[in-house]
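K.L.:
File name run-v5.csv; file contents CSV, C-alpha atoms; full text below.
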```
chain,number,residue,atom,x,y,z
A,1,MET,CA,62.7,9.0,6.2
A,2,THR,CA,63.4,11.9,3.8
A,3,THR,CA,66.3,11.8,1.4
A,4,LEU,CA,67.9,14.7,-0.5
A,5,ALA,CA,69.9,12.6,-3.0
A,6,LEU,CA,72.1,14.3,-5.4
A,7,GLU,CA,70.7,13.6,-8.8
A,8,GLY,CA,69.9,10.0,-7.6
A,9,SER,CA,72.8,9.7,-5.2
A,10,LEU,CA,75.9,9.0,-7.3
A,11,PRO,CA,75.2,9.3,-11.0
A,12,VAL,CA,76.9,12.6,-11.8
A,13,ASP,CA,80.2,11.2,-13.0
A,14,ASP,CA,82.6,8.5,-12.4
A,15,ARG,CA,85.4,10.4,-10.7
A,16,ALA,CA,86.8,10.4,-7.2
A,17,PRO,CA,87.5,13.9,-5.9
A,18,ALA,CA,90.1,15.5,-8.2
A,19,ARG,CA,93.3,16.7,-6.5
A,20,VAL,CA,92.1,20.4,-6.8
A,21,GLU,CA,88.8,19.4,-5.0
A,22,ARG,CA,90.7,17.6,-2.2
A,23,ALA,CA,92.7,20.8,-1.6
A,24,ASP,CA,89.9,23.3,-1.8
A,25,PRO,CA,88.5,24.2,1.6
A,26,SER,CA,85.4,25.9,0.1
A,27,ARG,CA,84.0,22.9,-1.8
A,28,VAL,CA,83.4,19.2,-1.2
A,29,ARG,CA,82.4,16.3,-3.5
A,30,VAL,CA,79.2,14.9,-2.0
A,31,GLY,CA,77.5,11.6,-2.7
A,32,GLU,CA,74.3,12.0,-0.7
A,33,ILE,CA,72.7,14.1,2.0
A,34,TYR,CA,69.8,12.3,3.8
A,35,ARG,CA,67.9,12.1,7.0
A,36,SER,CA,67.6,8.7,8.8
A,37,ILE,CA,68.5,7.3,12.2
A,38,GLN,CA,72.0,7.0,13.5
A,39,GLY,CA,72.8,3.3,13.1
A,40,GLU,CA,76.0,3.0,15.0
A,41,SER,CA,78.1,4.5,17.8
A,42,SER,CA,76.8,5.6,21.2
A,43,TRP,CA,74.4,7.9,19.3
A,44,ALA,CA,72.6,4.9,17.8
A,45,GLY,CA,68.8,5.2,17.4
A,46,LEU,CA,68.7,9.0,17.2
A,47,PRO,CA,67.4,10.9,14.2
A,48,CYS,CA,70.4,12.1,12.2
A,49,THR,CA,71.3,13.9,9.0
A,50,PHE,CA,74.1,12.2,7.1
A,51,VAL,CA,76.5,14.1,4.7
A,52,ARG,CA,78.4,11.4,2.8
A,53,LEU,CA,81.6,12.7,1.1
A,54,ILE,CA,83.1,11.0,-1.9
A,55,GLY,CA,86.5,9.3,-2.2
A,56,CYS,CA,88.6,7.1,0.1
A,57,ASN,CA,92.3,6.5,0.5
A,58,LEU,CA,91.6,2.9,1.9
A,59,ARG,CA,90.2,-0.3,0.5
A,60,CYS,CA,89.0,-2.4,3.4
A,61,SER,CA,88.2,-6.0,2.5
A,62,TRP,CA,84.7,-5.8,4.1
A,63,CYS,CA,83.8,-2.2,3.0
A,64,ASP,CA,80.0,-1.7,2.7
A,65,SER,CA,80.2,1.8,1.2
A,66,ALA,CA,82.4,1.2,-1.9
A,67,PHE,CA,79.7,3.2,-3.8
A,68,ALA,CA,81.2,6.3,-2.2
A,69,PHE,CA,84.6,5.8,-3.9
A,70,HIS,CA,83.5,7.6,-7.1
A,71,GLY,CA,80.9,10.0,-8.5
A,72,GLY,CA,78.9,12.5,-6.6
A,73,GLU,CA,78.5,16.3,-7.0
A,74,SER,CA,80.9,19.1,-6.3
A,75,LEU,CA,79.2,21.5,-3.9
A,76,ALA,CA,80.1,24.8,-2.2
A,77,VAL,CA,80.1,24.4,1.6
A,78,GLU,CA,77.3,26.9,1.8
A,79,GLU,CA,75.1,24.6,-0.3
A,80,VAL,CA,75.8,21.6,1.9
A,81,LEU,CA,74.8,23.7,4.9
A,82,ARG,CA,71.6,24.7,3.2
A,83,ARG,CA,70.6,21.2,2.4
A,84,VAL,CA,71.4,20.1,5.9
A,85,GLU,CA,69.2,22.9,7.3
A,86,ASP,CA,66.3,21.9,5.0
A,87,LEU,CA,66.2,18.4,6.6
A,88,GLY,CA,65.6,19.9,10.0
A,89,VAL,CA,67.6,17.5,12.3
A,90,ARG,CA,70.1,18.9,14.8
A,91,LEU,CA,72.4,15.8,14.9
A,92,VAL,CA,74.6,15.6,11.8
A,93,GLU,CA,77.2,13.1,10.8
A,94,VAL,CA,79.8,13.7,8.1
A,95,THR,CA,80.9,10.3,6.7
A,96,GLY,CA,82.3,8.7,3.5
A,97,GLY,CA,84.3,7.1,2.1
A,98,GLU,CA,86.9,8.9,4.0
A,99,PRO,CA,85.7,12.5,4.6
A,100,LEU,CA,89.0,13.9,5.8
A,101,TRP,CA,90.5,13.1,2.4
A,102,GLN,CA,88.9,16.4,1.3
A,103,ALA,CA,90.1,19.7,2.8
A,104,GLY,CA,86.6,21.1,2.7
A,105,CYS,CA,85.5,18.5,5.2
A,106,LEU,CA,87.1,20.6,8.0
A,107,THR,CA,85.2,23.7,6.8
A,108,VAL,CA,81.9,21.8,6.8
A,109,LEU,CA,82.5,20.5,10.3
A,110,ARG,CA,83.4,23.9,11.6
A,111,GLU,CA,80.5,25.7,10.0
A,112,LEU,CA,78.0,23.1,11.3
A,113,CYS,CA,79.4,23.6,14.8
A,114,ASP,CA,79.1,27.3,14.4
A,115,ARG,CA,75.4,26.8,13.6
A,116,LYS,CA,75.0,24.9,16.9
A,117,TYR,CA,74.5,21.4,15.4
A,118,THR,CA,75.7,18.4,17.3
A,119,VAL,CA,78.3,17.1,14.8
A,120,LEU,CA,79.8,13.6,14.4
A,121,LEU,CA,82.7,12.7,12.2
A,122,GLU,CA,83.2,9.1,11.0
A,123,THR,CA,86.8,8.6,9.9
A,124,GLY,CA,88.9,5.6,9.0
A,125,GLY,CA,91.8,6.3,11.3
A,126,SER,CA,94.5,6.7,8.6
A,127,LEU,CA,94.4,10.5,8.4
A,128,ASP,CA,95.3,13.1,11.0
A,129,ILE,CA,92.3,14.1,13.3
A,130,SER,CA,94.1,16.8,15.2
A,131,ARG,CA,92.9,19.6,12.9
A,132,VAL,CA,89.2,18.7,13.3
A,133,ASP,CA,87.2,21.3,15.3
A,134,GLU,CA,87.3,20.4,19.0
A,135,ARG,CA,83.5,20.7,19.2
A,136,VAL,CA,83.1,17.7,16.8
A,137,HIS,CA,82.6,14.1,18.2
A,138,ARG,CA,85.2,12.1,16.3
A,139,ILE,CA,84.4,8.4,15.7
A,140,VAL,CA,87.7,6.8,14.7
A,141,ASP,CA,87.7,3.4,13.0
A,142,LEU,CA,90.9,1.6,13.8
A,143,LYS,CA,91.5,-1.0,11.2
A,144,ALA,CA,91.9,-4.6,12.4
A,145,PRO,CA,94.0,-7.1,10.4
A,146,GLY,CA,90.9,-8.6,8.7
A,147,SER,CA,90.3,-5.3,6.9
A,148,GLY,CA,93.6,-5.6,5.1
A,149,MET,CA,94.4,-2.0,6.1
A,150,GLU,CA,96.0,-2.5,9.5
A,151,ARG,CA,99.3,-0.9,8.5
A,152,ARG,CA,97.5,2.3,7.4
A,153,ASN,CA,96.4,3.1,11.0
A,154,LEU,CA,97.8,6.5,12.0
A,155,TRP,CA,98.7,5.7,15.7
A,156,SER,CA,99.4,9.3,16.6
A,157,ASN,CA,95.6,9.8,16.4
A,158,VAL,CA,95.3,7.9,19.7
A,159,GLY,CA,97.0,10.8,21.5
A,160,HIS,CA,94.4,13.2,20.2
A,161,LEU,CA,91.4,11.3,21.5
A,162,THR,CA,89.3,12.8,24.3
A,163,PRO,CA,86.3,11.6,26.3
A,164,ARG,CA,83.9,13.2,23.7
A,165,ASP,CA,85.3,10.9,20.9
A,166,GLU,CA,84.9,7.3,20.2
A,167,VAL,CA,87.1,4.5,18.8
A,168,LYS,CA,85.5,1.7,16.7
A,169,PHE,CA,86.8,-1.7,15.9
A,170,VAL,CA,85.1,-3.6,13.1
A,171,LEU,CA,85.7,-7.4,13.7
A,172,ALA,CA,85.7,-10.1,11.1
A,173,SER,CA,87.1,-12.9,13.2
A,174,ARG,CA,88.3,-14.0,16.6
A,175,ALA,CA,91.8,-12.9,15.5
A,176,ASP,CA,90.5,-9.4,14.9
A,177,TYR,CA,88.9,-9.4,18.4
A,178,GLU,CA,92.2,-10.4,20.0
A,179,TRP,CA,94.0,-7.7,18.1
A,180,ALA,CA,91.4,-5.1,19.2
A,181,ARG,CA,91.7,-6.3,22.8
A,182,SER,CA,95.5,-5.9,22.7
A,183,VAL,CA,95.2,-2.4,21.2
A,184,ILE,CA,92.6,-1.3,23.8
A,185,ARG,CA,94.8,-2.5,26.7
A,186,LYS,CA,98.1,-1.2,25.2
A,187,HIS,CA,96.8,2.3,24.7
A,188,ARG,CA,94.5,2.3,27.7
A,189,LEU,CA,91.6,3.3,25.5
A,190,GLU,CA,88.9,2.4,28.1
A,191,ALA,CA,90.2,5.2,30.2
A,192,ARG,CA,90.8,7.6,27.4
A,193,THR,CA,87.6,7.5,25.3
A,194,ARG,CA,84.5,5.5,24.4
A,195,VAL,CA,85.3,2.1,22.8
A,196,LEU,CA,83.0,0.4,20.4
A,197,LEU,CA,83.1,-3.2,19.1
A,198,SER,CA,81.2,-4.1,15.9
A,199,THR,CA,81.0,-7.0,13.6
A,200,VAL,CA,81.4,-7.3,9.9
A,201,PHE,CA,77.8,-7.9,8.8
A,202,GLY,CA,77.3,-11.7,8.2
A,203,SER,CA,80.9,-12.6,9.1
A,204,VAL,CA,81.1,-13.2,12.8
A,205,GLU,CA,78.3,-13.9,15.2
A,206,ALA,CA,77.3,-11.0,17.5
A,207,ARG,CA,76.7,-13.5,20.4
A,208,GLU,CA,80.3,-14.7,20.1
A,209,VAL,CA,81.8,-11.2,20.4
A,210,VAL,CA,79.6,-10.4,23.4
A,211,GLU,CA,80.7,-13.6,25.1
A,212,TRP,CA,84.4,-12.8,24.4
A,213,MET,CA,84.0,-9.3,25.8
A,214,LEU,CA,82.3,-10.5,29.0
A,215,ALA,CA,84.9,-13.2,29.5
A,216,ASP,CA,87.7,-10.6,29.2
A,217,GLY,CA,85.9,-7.9,31.2
A,218,LEU,CA,86.4,-5.3,28.4
A,219,GLN,CA,84.8,-2.0,29.3
A,220,ALA,CA,83.5,-1.4,25.7
A,221,ARG,CA,80.2,-0.9,24.0
A,222,PHE,CA,79.1,-3.7,21.7
A,223,GLN,CA,77.1,-2.4,18.7
A,224,ILE,CA,75.3,-3.7,15.7
A,225,GLN,CA,74.5,-1.7,12.5
A,226,LEU,CA,71.0,-0.8,13.6
A,227,HIS,CA,70.0,0.5,10.2
A,228,LYS,CA,70.7,-2.9,8.6
A,229,LEU,CA,68.0,-4.4,10.9
A,230,VAL,CA,65.5,-1.7,10.2
A,231,TRP,CA,66.0,-1.7,6.4
A,232,ASP,CA,67.4,-4.1,3.9
A,233,PRO,CA,71.1,-4.5,4.6
A,234,ALA,CA,71.9,-3.4,1.0
A,235,ALA,CA,69.6,-0.3,1.1
A,236,ARG,CA,71.1,3.1,0.3
A,237,GLY,CA,70.2,6.4,1.8
A,238,VAL,CA,69.3,4.9,5.2
```
Would you give me this structure, written as structure tokens?
P.N.:
Amino acid sequence: MTTLALEGSLPVDDRAPARVERADPSRVRVGEIYRSIQGESSWAGLPCTFVRLIGCNLRCSWCDSAFAFHGGESLAVEEVLRRVEDLGVRLVEVTGGEPLWQAGCLTVLRELCDRKYTVLLETGGSLDISRVDERVHRIVDLKAPGSGMERRNLWSNVGHLTPRDEVKFVLASRADYEWARSVIRKHRLEARTRVLLSTVFGSVEAREVVEWMLADGLQARFQIQLHKLVWDPAARGV
């Protein structure tokens, strides 16, 4: 694994993206850019370069990337593209925090597509995905009640999903699973896009979720956070 950390990943300052940065399409505040394997989604196991943007408009109870709320380095989009190119991997994920909180995220995504990368976007589901370049594979994390952020889901996003996108449900309990099952069926997500079920690490047993899925006949993909099995669960830059 090779990491291009930004001065040690998040030491530059203590700020989330300032309002001017959030509105500037030519710059983004970045926490880290690194090469690893894709740990989640239907792309799991593939070599991938990650671009982690700073700042988030949500505060999920089980968040495992709170380190991305603050700090980082303000970079021109061209500098981000240069660092991605230096890592030499053709699959790239833009993640956060909440990457869509910054206007420059849309520019990064478009420019990566123009350079013929396969581009993934990991987004929390509370911000509009309709302006994202249609070539991007959008992975939308719909927030279950256990996250504390259920009321922040932007349900109009469901109408923008295509077969190239994915919807992820992170589950902390049986109640979260039943909520996800209801949403999947209500919005006919199995027919619309790829559906992923994941567990909050250390909160609910993977075996239980698999058994629930099989009993209900859900046409979804169960996933685990593969990188947390390969490396220490608390490791950064992986």
K.L.:
Rounded to one decimal place, report the atom CA of His160 of chain A-atom CA of Cys56 of chain A distance in Å.
P.N.:
21.8 Å
K.L.:
So, with all atoms listed in the file as the atoms that count, which of A:Arg181, A:Arg83, A:Arg152, A:Arg115 lies closest to Lys168 of chain A?
P.N.:
A:Arg181
K.L.:
Interatomic distance between atom CA of Val51 of chain A and atom CA of Val158 of chain A?
P.N.:
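Spanning atom CA of Val51 of chain A to atom CA of Val158 of chain A is a straight-line distance of 24.8 Å.
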K.L.:
Taking only C-alpha atoms into account, name the residue in A:Val30, A:Ile54, A:Leu75, A:Val209 that is nearest to Ala175 of chain A.
P.N.:
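Among the listed residues, the smallest separation from Ala175 of chain A belongs to A:Val209.
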K.L.:
Please report the interatomic distance between atom CA of Ala103 of chain A and atom CA of Arg27 of chain A in Å with one decimal.
P.N.:
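Taking atom CA of Ala103 of chain A and atom CA of Arg27 of chain A, their separation equals 8.3 Å.
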K.L.:
If we count all atoms listed in the file and set the cut-off at 7 Å, which residues sit around Ala68 of chain A, ignoring sequence neighbours fewer than 2 positions away in its own chain? Please answer as a PyMOL selection string.
P.N.:
chain A and resi 31+54-55+65-66+70+96-97
